[in-house]
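This is input28.cif (mmCIF, C-alpha atoms).
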data_target
#
loop_
_atom_site.label_atom_id
_atom_site.label_comp_id
_atom_site.auth_asym_id
_atom_site.auth_seq_id
_atom_site.Cartn_x
_atom_site.Cartn_y
_atom_site.Cartn_z
CA MET A 1 71.81 78.30 91.09
CA SER A 2 68.18 77.28 91.56
CA ARG A 3 67.02 80.60 90.10
CA LEU A 4 69.05 80.06 86.92
CA GLU A 5 67.86 76.46 86.64
CA ALA A 6 64.28 77.70 86.92
CA LYS A 7 65.00 79.86 83.87
CA GLY A 8 66.15 76.81 81.89
CA PHE A 9 69.90 76.93 82.46
CA ARG A 10 71.63 73.58 82.80
CA LEU A 11 74.51 73.86 85.29
CA ALA A 12 77.08 71.36 86.51
CA ARG A 13 79.42 71.42 89.46
CA THR A 14 83.14 71.58 88.71
CA GLU A 15 86.20 70.45 90.66
CA ILE A 16 86.65 74.07 91.74
CA PRO A 17 84.70 75.00 94.87
CA GLY A 18 81.94 77.49 94.13
CA ALA A 19 82.41 77.35 90.36
CA MET A 20 79.67 76.03 88.09
CA ARG A 21 79.86 75.09 84.42
CA ILE A 22 77.09 76.28 82.12
CA ASP A 23 76.10 73.36 79.88
CA GLU A 24 73.01 74.95 78.38
CA ALA A 25 71.86 78.56 78.37
CA PRO A 26 68.44 79.62 77.07
CA MET A 27 69.62 83.25 77.12
CA SER A 28 72.88 85.10 77.45
CA PRO A 29 74.20 84.31 80.96
CA GLY A 30 75.60 87.84 81.05
CA ALA A 31 72.16 89.41 80.77
CA THR A 32 70.11 87.74 83.52
CA HIS A 33 68.79 89.65 86.54
CA GLU A 34 70.96 87.41 88.70
CA TYR A 35 74.09 88.43 86.79
CA LEU A 36 73.18 92.10 87.02
CA GLN A 37 72.59 91.67 90.76
CA GLY A 38 76.15 90.36 91.12
CA ARG A 39 75.18 86.84 92.13
CA TYR A 40 77.85 85.35 89.85
CA PHE A 41 80.76 86.24 87.59
CA LEU A 42 81.43 84.75 84.15
CA HIS A 43 84.88 83.58 83.21
CA ASP A 44 86.79 80.59 81.98
CA VAL A 45 87.54 77.88 84.52
CA SER A 46 91.29 78.45 84.09
CA SER A 47 90.88 82.03 85.38
CA GLN A 48 90.10 80.58 88.80
CA LEU A 49 93.58 79.09 89.11
CA ALA A 50 95.27 82.35 90.12
CA PRO A 51 92.97 83.25 93.05
CA LEU A 52 93.06 79.63 94.24
CA ALA A 53 96.86 79.65 94.10
CA LEU A 54 96.99 82.96 95.96
CA ALA A 55 94.73 81.54 98.73
CA PRO A 56 94.19 84.89 100.47
CA GLU A 57 92.94 84.93 104.04
CA PRO A 58 90.47 87.29 105.71
CA GLY A 59 92.27 90.39 106.93
CA ASP A 60 95.14 90.20 104.40
CA ARG A 61 96.39 93.20 102.47
CA VAL A 62 96.57 92.24 98.81
CA ALA A 63 97.77 94.02 95.66
CA ASP A 64 96.31 93.07 92.28
CA LEU A 65 98.65 94.67 89.76
CA CYS A 66 96.69 94.13 86.51
CA ALA A 67 93.14 93.78 87.75
CA ALA A 68 90.65 94.38 84.89
CA PRO A 69 88.06 93.19 84.19
CA GLY A 70 87.94 92.12 87.83
CA GLY A 71 86.95 88.43 87.86
CA LYS A 72 90.00 87.46 89.88
CA THR A 73 89.68 90.52 92.14
CA VAL A 74 86.07 89.59 92.92
CA ALA A 75 87.13 86.00 93.67
CA ILE A 76 89.90 87.22 95.99
CA ALA A 77 87.51 89.61 97.81
CA ASP A 78 85.07 86.72 98.19
CA MET A 79 87.77 84.44 99.63
CA MET A 80 88.68 87.25 102.07
CA GLU A 81 84.99 87.53 103.08
CA ASN A 82 85.06 91.22 102.05
CA SER A 83 87.54 91.95 104.88
CA GLY A 84 91.14 93.18 104.76
CA ALA A 85 92.09 95.45 101.89
CA ILE A 86 92.83 95.02 98.20
CA ALA A 87 94.65 97.61 96.10
CA ALA A 88 93.79 97.00 92.44
CA PHE A 89 95.50 98.67 89.48
CA GLU A 90 94.50 99.00 85.83
CA SER A 91 96.13 101.44 83.45
CA ASN A 92 93.64 101.32 80.56
CA PRO A 93 90.76 103.74 81.34
CA GLU A 94 88.12 101.64 79.54
CA ARG A 95 89.22 98.50 81.30
CA HIS A 96 89.36 100.37 84.60
CA ARG A 97 85.72 101.30 84.07
CA SER A 98 84.89 97.63 83.53
CA LEU A 99 86.79 96.77 86.71
CA THR A 100 84.91 99.26 88.87
CA ALA A 101 81.55 98.30 87.34
CA ASN A 102 82.18 94.62 88.10
CA LEU A 103 83.32 95.33 91.65
CA SER A 104 80.22 97.45 92.23
CA ARG A 105 77.92 94.88 90.66
CA CYS A 106 79.31 92.16 92.93
CA GLY A 107 79.12 94.24 96.14
CA VAL A 108 82.87 94.31 96.84
CA LEU A 109 83.57 96.57 99.86
CA ASN A 110 87.25 95.90 100.58
CA THR A 111 88.86 97.08 97.34
CA ALA A 112 90.29 100.40 96.18
CA THR A 113 91.21 100.87 92.53
CA TRP A 114 93.69 103.10 90.73
CA ALA A 115 93.38 103.90 87.04
CA ARG A 116 97.10 103.66 86.48
CA PRO A 117 99.73 100.99 85.82
CA GLY A 118 100.60 98.37 88.41
CA GLN A 119 104.18 99.62 88.12
CA THR A 120 103.10 102.56 90.34
CA ALA A 121 101.95 100.34 93.24
CA SER A 122 105.11 101.02 95.24
CA ARG A 123 103.91 104.62 95.73
CA LEU A 124 101.47 103.30 98.35
CA GLN A 125 104.48 102.42 100.52
CA GLU A 126 102.72 99.29 101.72
CA GLN A 127 104.23 95.89 102.39
CA PHE A 128 101.48 93.59 101.17
CA ASP A 129 100.80 90.09 102.45
CA ARG A 130 100.00 88.84 98.97
CA VAL A 131 100.39 90.10 95.41
CA LEU A 132 98.62 88.87 92.30
CA LEU A 133 100.50 89.55 89.09
CA ASP A 134 98.20 88.39 86.30
CA ALA A 135 100.50 89.88 83.73
CA PRO A 136 99.74 91.37 80.32
CA CYS A 137 100.85 88.75 77.79
CA THR A 138 100.68 87.68 74.16
CA GLY A 139 97.55 85.66 74.93
CA GLU A 140 98.46 82.46 73.09
CA GLY A 141 96.18 80.55 75.46
CA VAL A 142 93.07 82.43 74.34
CA VAL A 143 93.67 82.33 70.58
CA SER A 144 90.97 79.67 70.19
CA ARG A 145 88.37 82.22 71.37
CA ASP A 146 89.93 85.42 70.10
CA PRO A 147 92.39 84.98 67.21
CA ALA A 148 92.89 88.75 67.07
CA ARG A 149 94.75 88.58 70.37
CA ARG A 150 97.93 87.45 68.69
CA ARG A 151 99.74 88.34 65.52
CA GLY A 152 102.74 86.12 66.18
CA GLN A 153 105.33 88.87 65.86
CA LEU A 154 108.58 88.65 67.77
CA ARG A 155 108.33 92.22 69.07
CA GLU A 156 105.06 91.34 70.85
CA TYR A 157 106.91 88.74 72.91
CA GLN A 158 109.76 91.12 73.62
CA ALA A 159 107.41 93.94 74.72
CA CYS A 160 105.36 91.64 76.94
CA ALA A 161 108.42 90.02 78.50
CA GLN A 162 109.89 93.44 79.27
CA GLU A 163 106.69 94.64 80.96
CA GLN A 164 106.37 91.37 82.90
CA ALA A 165 109.93 91.81 84.22
CA GLN A 166 109.14 95.40 85.31
CA LEU A 167 106.03 94.22 87.14
CA PHE A 168 107.98 91.43 88.83
CA ASP A 169 110.46 94.06 90.08
CA VAL A 170 107.57 96.07 91.56
CA ALA A 171 106.05 92.96 93.14
CA ALA A 172 109.38 92.23 94.84
CA ARG A 173 109.42 95.75 96.32
CA ILE A 174 105.85 95.78 97.66
CA LEU A 175 105.65 92.26 99.10
CA ARG A 176 106.62 91.73 102.74
CA PRO A 177 109.26 89.09 103.51
CA GLY A 178 107.45 85.77 103.70
CA GLY A 179 104.61 87.17 101.58
CA ILE A 180 103.12 85.28 98.64
CA LEU A 181 103.23 86.30 94.98
CA VAL A 182 101.13 84.50 92.38
CA TYR A 183 102.27 85.03 88.82
CA GLY A 184 99.93 84.11 85.98
CA THR A 185 99.54 84.63 82.25
CA CYS A 186 97.14 83.35 79.62
CA THR A 187 99.96 82.43 77.31
CA LEU A 188 102.15 79.39 76.68
CA ALA A 189 105.50 80.97 75.74
CA PRO A 190 108.30 80.11 78.20
CA GLU A 191 109.78 83.61 77.70
CA GLU A 192 106.67 84.95 79.42
CA ASN A 193 106.33 82.19 81.99
CA GLU A 194 109.13 79.94 83.24
CA LEU A 195 111.93 82.32 82.22
CA GLN A 196 110.29 85.18 84.14
CA VAL A 197 109.89 83.02 87.23
CA ASN A 198 113.47 81.76 86.90
CA ARG A 199 114.77 85.35 86.87
CA ALA A 200 112.63 86.20 89.92
CA VAL A 201 114.21 83.31 91.81
CA GLN A 202 117.75 84.13 90.73
CA GLU A 203 117.65 87.92 91.05
CA LEU A 204 114.69 89.11 93.13
CA GLY A 205 114.78 86.97 96.25
CA PHE A 206 111.85 84.64 95.59
CA ARG A 207 111.54 80.92 96.03
CA ILE A 208 109.02 78.74 94.21
CA ASP A 209 106.31 77.48 96.53
CA ASP A 210 104.05 74.45 96.13
CA LEU A 211 100.69 75.27 94.61
CA PRO A 212 97.85 74.60 97.08
CA ALA A 213 96.43 71.09 96.86
CA VAL A 214 93.20 72.40 95.31
CA VAL A 215 95.23 73.50 92.27
CA ARG A 216 97.90 70.77 92.34
CA GLU A 217 95.36 67.96 92.39
CA LEU A 218 92.93 69.58 90.00
CA ARG A 219 91.87 67.62 86.94
CA LEU A 220 90.42 69.72 84.16
CA GLY A 221 88.94 67.95 81.16
CA GLY A 222 89.91 64.68 82.86
CA HIS A 223 93.63 65.54 82.95
CA PRO A 224 95.92 67.04 85.57
CA LEU A 225 97.63 70.35 84.88
CA MET A 226 101.00 70.10 83.12
CA PRO A 227 104.05 70.90 85.31
CA GLY A 228 106.17 73.90 84.34
CA LEU A 229 109.14 73.25 82.06
CA ALA A 230 112.36 72.21 83.79
CA ALA A 231 114.47 73.26 80.79
CA VAL A 232 113.99 75.57 77.82
CA ALA A 233 116.03 75.28 74.62
CA GLY A 234 118.53 73.03 76.37
CA ARG A 235 118.99 75.43 79.28
CA GLY A 236 118.14 74.00 82.67
CA LEU A 237 115.89 76.10 84.90
CA HIS A 238 115.44 76.03 88.67
CA PRO A 239 114.51 72.46 89.69
CA ASP A 240 111.40 73.69 91.51
CA MET A 241 110.01 75.03 88.23
CA THR A 242 107.98 71.82 87.96
CA LYS A 243 105.94 73.11 90.94
CA THR A 244 104.45 75.71 88.58
CA ALA A 245 101.68 74.59 86.23
CA HIS A 246 100.08 75.05 82.84
CA ALA A 247 96.43 74.56 81.91
CA LEU A 248 96.52 73.63 78.24
CA PRO A 249 93.55 74.14 75.88
CA HIS A 250 93.93 70.85 73.97
CA ARG A 251 94.43 68.79 77.12
CA ASN A 252 92.37 70.48 79.82
CA GLY A 253 89.48 71.76 77.67
CA CYS A 254 89.85 75.35 78.85
CA LEU A 255 91.70 78.49 77.90
CA GLY A 256 95.45 78.28 78.37
CA PHE A 257 96.85 79.57 81.65
CA TYR A 258 100.16 79.46 83.46
CA VAL A 259 100.38 79.82 87.24
CA ALA A 260 103.29 80.00 89.68
CA ARG A 261 103.23 80.62 93.43
CA LEU A 262 106.32 82.25 94.91
CA GLU A 263 107.33 83.27 98.40
CA ARG A 264 109.51 86.30 99.04
CA VAL A 265 112.38 84.82 100.99
CA PRO A 266 112.65 86.40 104.44
CA ALA A 267 115.85 88.46 104.77
CA MET B 1 83.67 113.49 106.95
CA SER B 2 81.66 115.99 108.98
CA PRO B 3 79.73 114.54 111.95
CA GLU B 4 76.54 116.05 110.51
CA ILE B 5 76.86 114.17 107.21
CA ARG B 6 77.79 110.97 109.03
CA ALA B 7 74.76 111.27 111.33
CA ARG B 8 72.45 111.89 108.36
CA LEU B 9 73.80 108.88 106.47
CA GLU B 10 73.44 106.60 109.49
CA GLU B 11 69.92 107.81 110.11
CA TRP B 12 69.08 107.17 106.46
CA VAL B 13 70.45 103.62 106.56
CA ARG B 14 68.54 102.87 109.79
CA GLU B 15 65.35 104.21 108.24
CA MET B 16 65.66 102.54 104.84
CA GLY B 17 68.00 99.61 105.06
CA PRO B 18 68.08 96.06 106.33
CA ALA B 19 68.90 95.82 110.06
CA GLU B 20 72.16 93.92 109.42
CA LEU B 21 73.46 96.79 107.32
CA ALA B 22 72.56 99.40 109.94
CA ASP B 23 74.21 97.22 112.60
CA ALA B 24 77.39 96.85 110.49
CA VAL B 25 77.60 100.62 110.12
CA ASP B 26 76.80 101.27 113.81
CA SER B 27 79.44 98.76 114.99
CA GLY B 28 82.12 100.23 112.71
CA GLN B 29 82.44 97.07 110.62
CA LEU B 30 81.56 99.22 107.60
CA GLU B 31 82.51 102.86 107.29
CA TRP B 32 81.65 105.82 105.12
CA TRP B 33 84.39 107.20 102.92
CA MET B 34 84.04 110.41 100.99
CA ALA B 35 85.95 111.70 97.99
CA GLU B 36 85.80 115.20 96.55
CA ARG B 37 84.87 115.10 92.89
CA VAL B 38 84.24 118.08 90.62
CA GLY B 39 81.45 120.08 92.25
CA THR B 40 80.28 117.29 94.55
CA LEU B 41 81.15 114.90 97.34
CA GLU B 42 81.03 111.23 96.48
CA VAL B 43 79.92 108.93 99.30
CA ARG B 44 81.22 105.36 99.45
CA LEU B 45 80.77 102.48 101.86
CA VAL B 46 83.96 100.54 102.63
CA SER B 47 85.07 97.78 104.99
CA SER B 48 86.69 99.16 108.15
CA GLU B 49 89.98 97.49 107.23
CA LEU B 50 89.98 99.19 103.82
CA ALA B 51 89.26 102.50 105.57
CA ARG B 52 92.35 101.96 107.78
CA ALA B 53 94.45 101.05 104.75
CA LEU B 54 93.26 104.14 102.86
CA GLU B 55 94.42 106.32 105.76
CA GLY B 56 97.90 104.86 105.31
CA TRP B 57 97.76 105.29 101.55
CA GLY B 58 96.42 108.83 102.06
CA ALA B 59 98.75 110.61 99.68
CA GLU B 60 97.73 108.25 96.90
CA SER B 61 94.00 108.79 96.63
CA PRO B 62 92.30 105.97 94.69
CA SER B 63 90.04 106.36 91.66
CA ALA B 64 87.37 104.34 93.48
CA ALA B 65 86.97 102.47 96.77
CA GLY B 66 84.34 100.11 98.14
CA GLU B 67 80.78 100.58 97.03
CA ARG B 68 79.51 103.88 95.64
CA TRP B 69 76.50 105.10 97.61
CA GLY B 70 75.85 108.33 95.79
CA GLU B 71 76.56 112.02 95.93
CA TRP B 72 76.11 114.39 98.81
CA LYS B 73 74.59 117.63 97.56
CA ASP B 74 72.52 120.35 99.20
CA GLY B 75 72.42 118.47 102.49
CA GLN B 76 71.03 115.29 100.96
CA LEU B 77 72.30 112.00 99.60
CA ARG B 78 71.45 111.31 95.97
CA PRO B 79 71.61 107.52 96.13
CA SER B 80 73.45 105.37 93.62
CA LEU B 81 72.36 102.17 91.95
CA GLU B 82 74.54 100.17 94.35
CA ALA B 83 72.87 101.80 97.37
CA ALA B 84 69.45 101.00 95.94
CA VAL B 85 70.34 97.34 95.47
CA ARG B 86 71.74 96.97 98.98
CA LEU B 87 68.96 98.94 100.69
CA GLY B 88 66.10 97.64 98.60
CA GLY B 89 66.81 94.04 99.50
CA GLY B 90 65.71 94.63 103.06
CA THR B 91 62.89 97.14 102.98
CA LYS B 92 59.45 97.64 101.51
CA ARG B 93 59.66 101.38 102.04
CA GLY B 94 60.02 103.63 99.04
CA ARG B 95 59.50 100.73 96.63
CA ILE B 96 57.66 100.47 93.36
CA VAL B 97 57.00 97.02 91.90
CA LEU B 98 56.71 96.64 88.12
CA THR B 99 55.08 94.01 85.95
CA GLU B 100 57.34 91.59 84.01
CA GLU B 101 57.00 93.75 80.90
CA GLY B 102 57.74 96.87 82.92
CA ALA B 103 60.82 95.24 84.47
CA LYS B 104 62.21 94.32 81.04
CA ALA B 105 61.68 97.84 79.70
CA PHE B 106 63.16 99.42 82.82
CA LEU B 107 66.36 97.36 82.44
CA TYR B 108 66.80 99.03 79.03
CA GLY B 109 66.78 102.41 80.76
CA ARG B 110 63.26 103.33 79.62
CA ASP B 111 60.64 105.41 81.41
CA ILE B 112 57.74 103.25 82.54
CA GLY B 113 54.08 103.60 81.63
CA ARG B 114 51.45 103.66 84.37
CA ASP B 115 49.98 100.38 83.12
CA ARG B 116 53.26 98.60 83.84
CA ILE B 117 53.37 99.52 87.53
CA ARG B 118 52.01 96.79 89.80
CA SER B 119 52.23 98.59 93.16
CA ILE B 120 53.53 101.76 94.76
CA ASP B 121 54.47 102.29 98.42
CA GLY B 122 51.70 104.63 99.62
CA GLN B 123 54.23 106.78 101.49
CA LEU B 124 55.95 107.84 98.27
CA ARG B 125 55.20 111.37 97.13
CA PRO B 126 55.34 112.63 93.55
CA GLU B 127 58.89 113.48 92.40
CA ALA B 128 60.34 111.23 95.14
CA ILE B 129 63.20 108.89 94.26
CA ALA B 130 61.91 105.34 94.45
CA ILE B 131 63.52 101.90 94.52
CA VAL B 132 62.21 99.95 91.54
CA CYS B 133 61.68 96.17 91.79
CA ASP B 134 60.60 93.33 89.55
CA PRO B 135 57.58 91.15 90.46
CA ASN B 136 59.87 88.90 92.60
CA GLY B 137 60.87 91.88 94.70
CA ASP B 138 64.40 92.01 93.28
CA VAL B 139 65.76 95.52 93.00
CA LEU B 140 66.25 96.79 89.45
CA GLY B 141 67.26 100.39 90.07
CA LEU B 142 66.05 103.88 90.86
CA ALA B 143 63.38 106.09 89.30
CA VAL B 144 61.43 109.24 90.03
CA LEU B 145 57.72 108.81 90.67
CA LYS B 146 55.82 111.18 88.40
CA ASN B 147 52.90 113.22 89.58
CA PRO B 148 49.58 111.40 88.89
CA ALA B 149 48.14 114.78 87.88
CA ASP B 150 50.67 114.91 85.08
CA ASP B 151 48.84 113.81 81.92
CA SER B 152 51.88 111.92 80.58
CA ARG B 153 51.33 108.20 80.00
CA PHE B 154 54.53 107.56 81.96
CA GLY B 155 54.39 106.93 85.70
CA LEU B 156 58.13 106.60 86.32
CA ARG B 157 61.12 108.51 85.03
CA ALA B 158 64.09 106.16 84.89
CA MET B 159 67.25 107.24 86.73
CA LYS B 160 69.55 104.28 86.91
CA ASP B 161 68.99 100.58 86.37
CA LEU B 162 71.03 97.39 86.58
CA GLY B 163 71.14 97.17 82.78
CA TRP B 164 73.62 100.04 83.04
CA TYR B 165 76.31 97.49 83.87
CA LEU B 166 75.87 96.00 80.42
CA ARG B 167 75.22 99.23 78.48
CA GLU B 168 77.94 101.37 80.04
CA GLY B 169 79.89 99.40 82.60
CA GLY B 170 81.65 97.13 80.15
#

Could I get this structure in the form of structure tokens?
Amino acid sequence: MSRLEAKGFRLARTEIPGAMRIDEAPMSPGATHEYLQGRYFLHDVSSQLAPLALAPEPGDRVADLCAAPGGKTVAIADMMENSGAIAAFESNPERHRSLTANLSRCGVLNTATWARPGQTASRLQEQFDRVLLDAPCTGEGVVSRDPARRRGQLREYQACAQEQAQLFDVAARILRPGGILVYGTCTLAPEENELQVNRAVQELGFRIDDLPAVVRELRLGGHPLMPGLAAVAGRGLHPDMTKTAHALPHRNGCLGFYVARLERVPA
Amino acid sequence: MSPEIRARLEEWVREMGPAELADAVDSGQLEWWMAERVGTLEVRLVSSELARALEGWGAESPSAAGERWGEWKDGQLRPSLEAAVRLGGGTKRGRIVLTEEGAKAFLYGRDIGRDRIRSIDGQLRPEAIAIVCDPNGDVLGLAVLKNPADDSRFGLRAMKDLGWYLREGG
């Protein structure tokens, strides 16, 4: 921090432990020596919600099913103090290259990566303690930064929802009973968020867990996160759905993000 | 991994690296992991718990694991950028310090002129692989020290630098 401030950066603490906000940057923060040496990672504040909700512990075995570009994987490895083991998957070869470059840059020693879809994670025949499913989505929450992310076509929602359901099925197979799954997207659509979680509770043996206090009590942009929807289009969802949360761009001053923490119910 | 390669790697870390790193390797907290790639053996440093997990996931070999330390070829380790950064932080051996201008040019992957080199570890021989640092002593990458008898204006041939993460790493 002091090295960046000496270069003219103006930084401010945030409500999230270890995360700083850049208020003024005399040069690209992604091109400093400190960045190249892996002293920090750049991402939107809302991207921290998933690792905080997962709350991994040193020694855990964790699967990250859609890991690129690696900001959340690096945060998880840091929370685990570079111990335990993380299995990280990314199917897109270019994005996999980004993932491995970022892990290398940040000195991550406890992570193995596979350049293939998260749907193949069950081949490891591991029962993980925790799974992060930061699912591919229509990206409505990032439209303010990247309008090209979304074309607003119905088939996009259908394709994403189908892939999210497949990944949920895999997560249910690779998580040990009592293990924790964090589901996240950077979109707002209930078809990709609450309805996916509702199906996981009804069909896959999950229950919705409270988010850790650090997420539950977080105020971004001066406002708390919005609870998940209890009903969609007149259809009531599981009553615990309000334990899930949305960060909303217009309200929380960040990119949109949805996060849910689920426990695989012991048999 | 053959005991000979393991012994050579451990000796190399003890000779070059910070004591904490050598201790972590000696105590088994960190372990070497090797993967056969086309025509070479890739050496990686992983946490002991990841090494145990990889044994269990054996049939499903990963694309990458832990930190890449380089390639083992002809009985020697050709160190990676990551190895240089981790080793260079704790040693003055094998180091070359550049001027500010030299450091900027080096991070663009350029060879470095003799006038932009501030100091060279006297133990380094021509054509040796050197750890390149900026004036603060922060590691920037790896380069080959050119022979002073060579009449080129360049003193260092760039191998790999941290700017690679931006140019190629994505």

| message | On this structure, the PyMOL selection byres ((chain B) within 6 of (chain A)) would catch which residues? List them as a ChimeraX atom specification, sorted by chain and number. | response | /B:46-47,49-50,57,62-67,162,169-170

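CA of Tyr258 (chain A) is found 5.3 Å from CA of Gly184 (chain A).
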
If the PyMOL selection byres ((chain A and resi 237-246) around 8) is run on the structure shown, which residues does it catch, given as a PDB file with C-alpha atoms, keeping the file's coordinate frame?
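File expr10.pdb, as written:
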ATOM      1  CA  LEU A 188     102.150  79.390  76.680  1.00  0.00           C
ATOM      2  CA  GLU A 194     109.130  79.940  83.240  1.00  0.00           C
ATOM      3  CA  LEU A 195     111.930  82.320  82.220  1.00  0.00           C
ATOM      4  CA  ASN A 198     113.470  81.760  86.900  1.00  0.00           C
ATOM      5  CA  ILE A 208     109.020  78.740  94.210  1.00  0.00           C
ATOM      6  CA  ASP A 209     106.310  77.480  96.530  1.00  0.00           C
ATOM      7  CA  ASP A 210     104.050  74.450  96.130  1.00  0.00           C
ATOM      8  CA  LEU A 211     100.690  75.270  94.610  1.00  0.00           C
ATOM      9  CA  LEU A 225      97.630  70.350  84.880  1.00  0.00           C
ATOM     10  CA  MET A 226     101.000  70.100  83.120  1.00  0.00           C
ATOM     11  CA  PRO A 227     104.050  70.900  85.310  1.00  0.00           C
ATOM     12  CA  GLY A 228     106.170  73.900  84.340  1.00  0.00           C
ATOM     13  CA  LEU A 229     109.140  73.250  82.060  1.00  0.00           C
ATOM     14  CA  ALA A 230     112.360  72.210  83.790  1.00  0.00           C
ATOM     15  CA  ALA A 231     114.470  73.260  80.790  1.00  0.00           C
ATOM     16  CA  VAL A 232     113.990  75.570  77.820  1.00  0.00           C
ATOM     17  CA  ARG A 235     118.990  75.430  79.280  1.00  0.00           C
ATOM     18  CA  GLY A 236     118.140  74.000  82.670  1.00  0.00           C
ATOM     19  CA  ALA A 247      96.430  74.560  81.910  1.00  0.00           C
ATOM     20  CA  LEU A 248      96.520  73.630  78.240  1.00  0.00           C
ATOM     21  CA  GLY A 256      95.450  78.280  78.370  1.00  0.00           C
ATOM     22  CA  PHE A 257      96.850  79.570  81.650  1.00  0.00           C
ATOM     23  CA  TYR A 258     100.160  79.460  83.460  1.00  0.00           C
ATOM     24  CA  VAL A 259     100.380  79.820  87.240  1.00  0.00           C
ATOM     25  CA  ALA A 260     103.290  80.000  89.680  1.00  0.00           C
ATOM     26  CA  ARG A 261     103.230  80.620  93.430  1.00  0.00           C
TER      27      ARG A 261
END

| message | Would you pick out the contacts of Arg125 (chain B) at 10 Å or less, using all atoms listed in the file, so that residues sharing its chain but fewer than 2 positions from it are not included, and give the list as a ChimeraX atom specification? | response | /B:94,121-123,127-130,144-148

| Any chance you could work out the residue set of the PyMOL selection byres ((chain B and resi 135) around 9) here, as a PyMOL selection string? | chain B and resi 97-100+103+118+133-134+136-138

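The closest residue to Pro224 (chain A), picked from A:Glu15, A:Glu5, A:Thr73, A:Gln162 and counting only C-alpha atoms, is A:Glu15.
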
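Coordinates place CA of Val45 (chain A) at a distance of 12.5 Å from CA of Ala12 (chain A).
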
| task | Determine the nearest neighbour of Ala53 (chain B) from the options B:Trp33, B:Ala143, B:Arg110, B:Trp164, counting all atoms listed in the file. | result | B:Trp33

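Counting from CA of Val215 (chain A), the distance to CA of Cys66 (chain A) is 21.5 Å.
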
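The neighbours of region 36-40 of chain B here are the residues that come within 7 Å of it, using all atoms listed in the file and leaving out any residue fewer than 6 positions away in the same chain; they are Glu71, Trp72 and Lys73 of chain B.
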
Near region 167-180 of chain A, 12 Å: region 17-62 of chain A residue rows, closest pairs, only C-alpha atoms, as a tab-separated table:
residue	atom	partner	partner_atom	distance
A:Ala50	CA	A:Ile180	CA	11.9
A:Pro51	CA	A:Ile180	CA	11.8
A:Ala53	CA	A:Ile180	CA	9.6
A:Leu54	CA	A:Ile180	CA	7.1
A:Ala55	CA	A:Ile180	CA	9.2
A:Pro56	CA	A:Ile180	CA	9.1
A:Glu57	CA	A:Ile180	CA	11.5
A:Asp60	CA	A:Gly179	CA	10.3
A:Arg61	CA	A:Leu175	CA	9.9
A:Val62	CA	A:Leu175	CA	9.1

| Distance criterion (all atoms listed in the file): nearest to Ser47 (chain A) out of A:Val142, A:Leu65, A:Ala159, A:Leu181 | A:Val142

Six-sided padding of 3 Å per side, axis-aligned box over region 18-32 of chain B, centre and edges in Å, one decimal, as JSON:
{"center_x": 75.3, "center_y": 99.9, "center_z": 110.1, "size_x": 20.4, "size_y": 17.9, "size_z": 15.9}

| query | So which residues touch Leu87 (chain B) within 10 Å, counting only C-alpha atoms, skipping near sequence neighbours fewer than 3 positions away, as JSON, numbers by chain? | reply | {"B": [13, 14, 15, 16, 17, 18, 19, 21, 22, 81, 82, 83, 84, 90, 91, 92, 93, 131, 139]}

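Of the listed residues (A:Arg264, A:Lys72, A:Lys7, A:Arg39), A:Lys7 comes nearest to Glu24 (chain A); the distances count only C-alpha atoms.
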
| field | Nearest candidate to Leu142 (chain B) (options B:Val85, B:Leu124, B:Ala7, B:Ala105; using only C-alpha atoms) | value | B:Val85
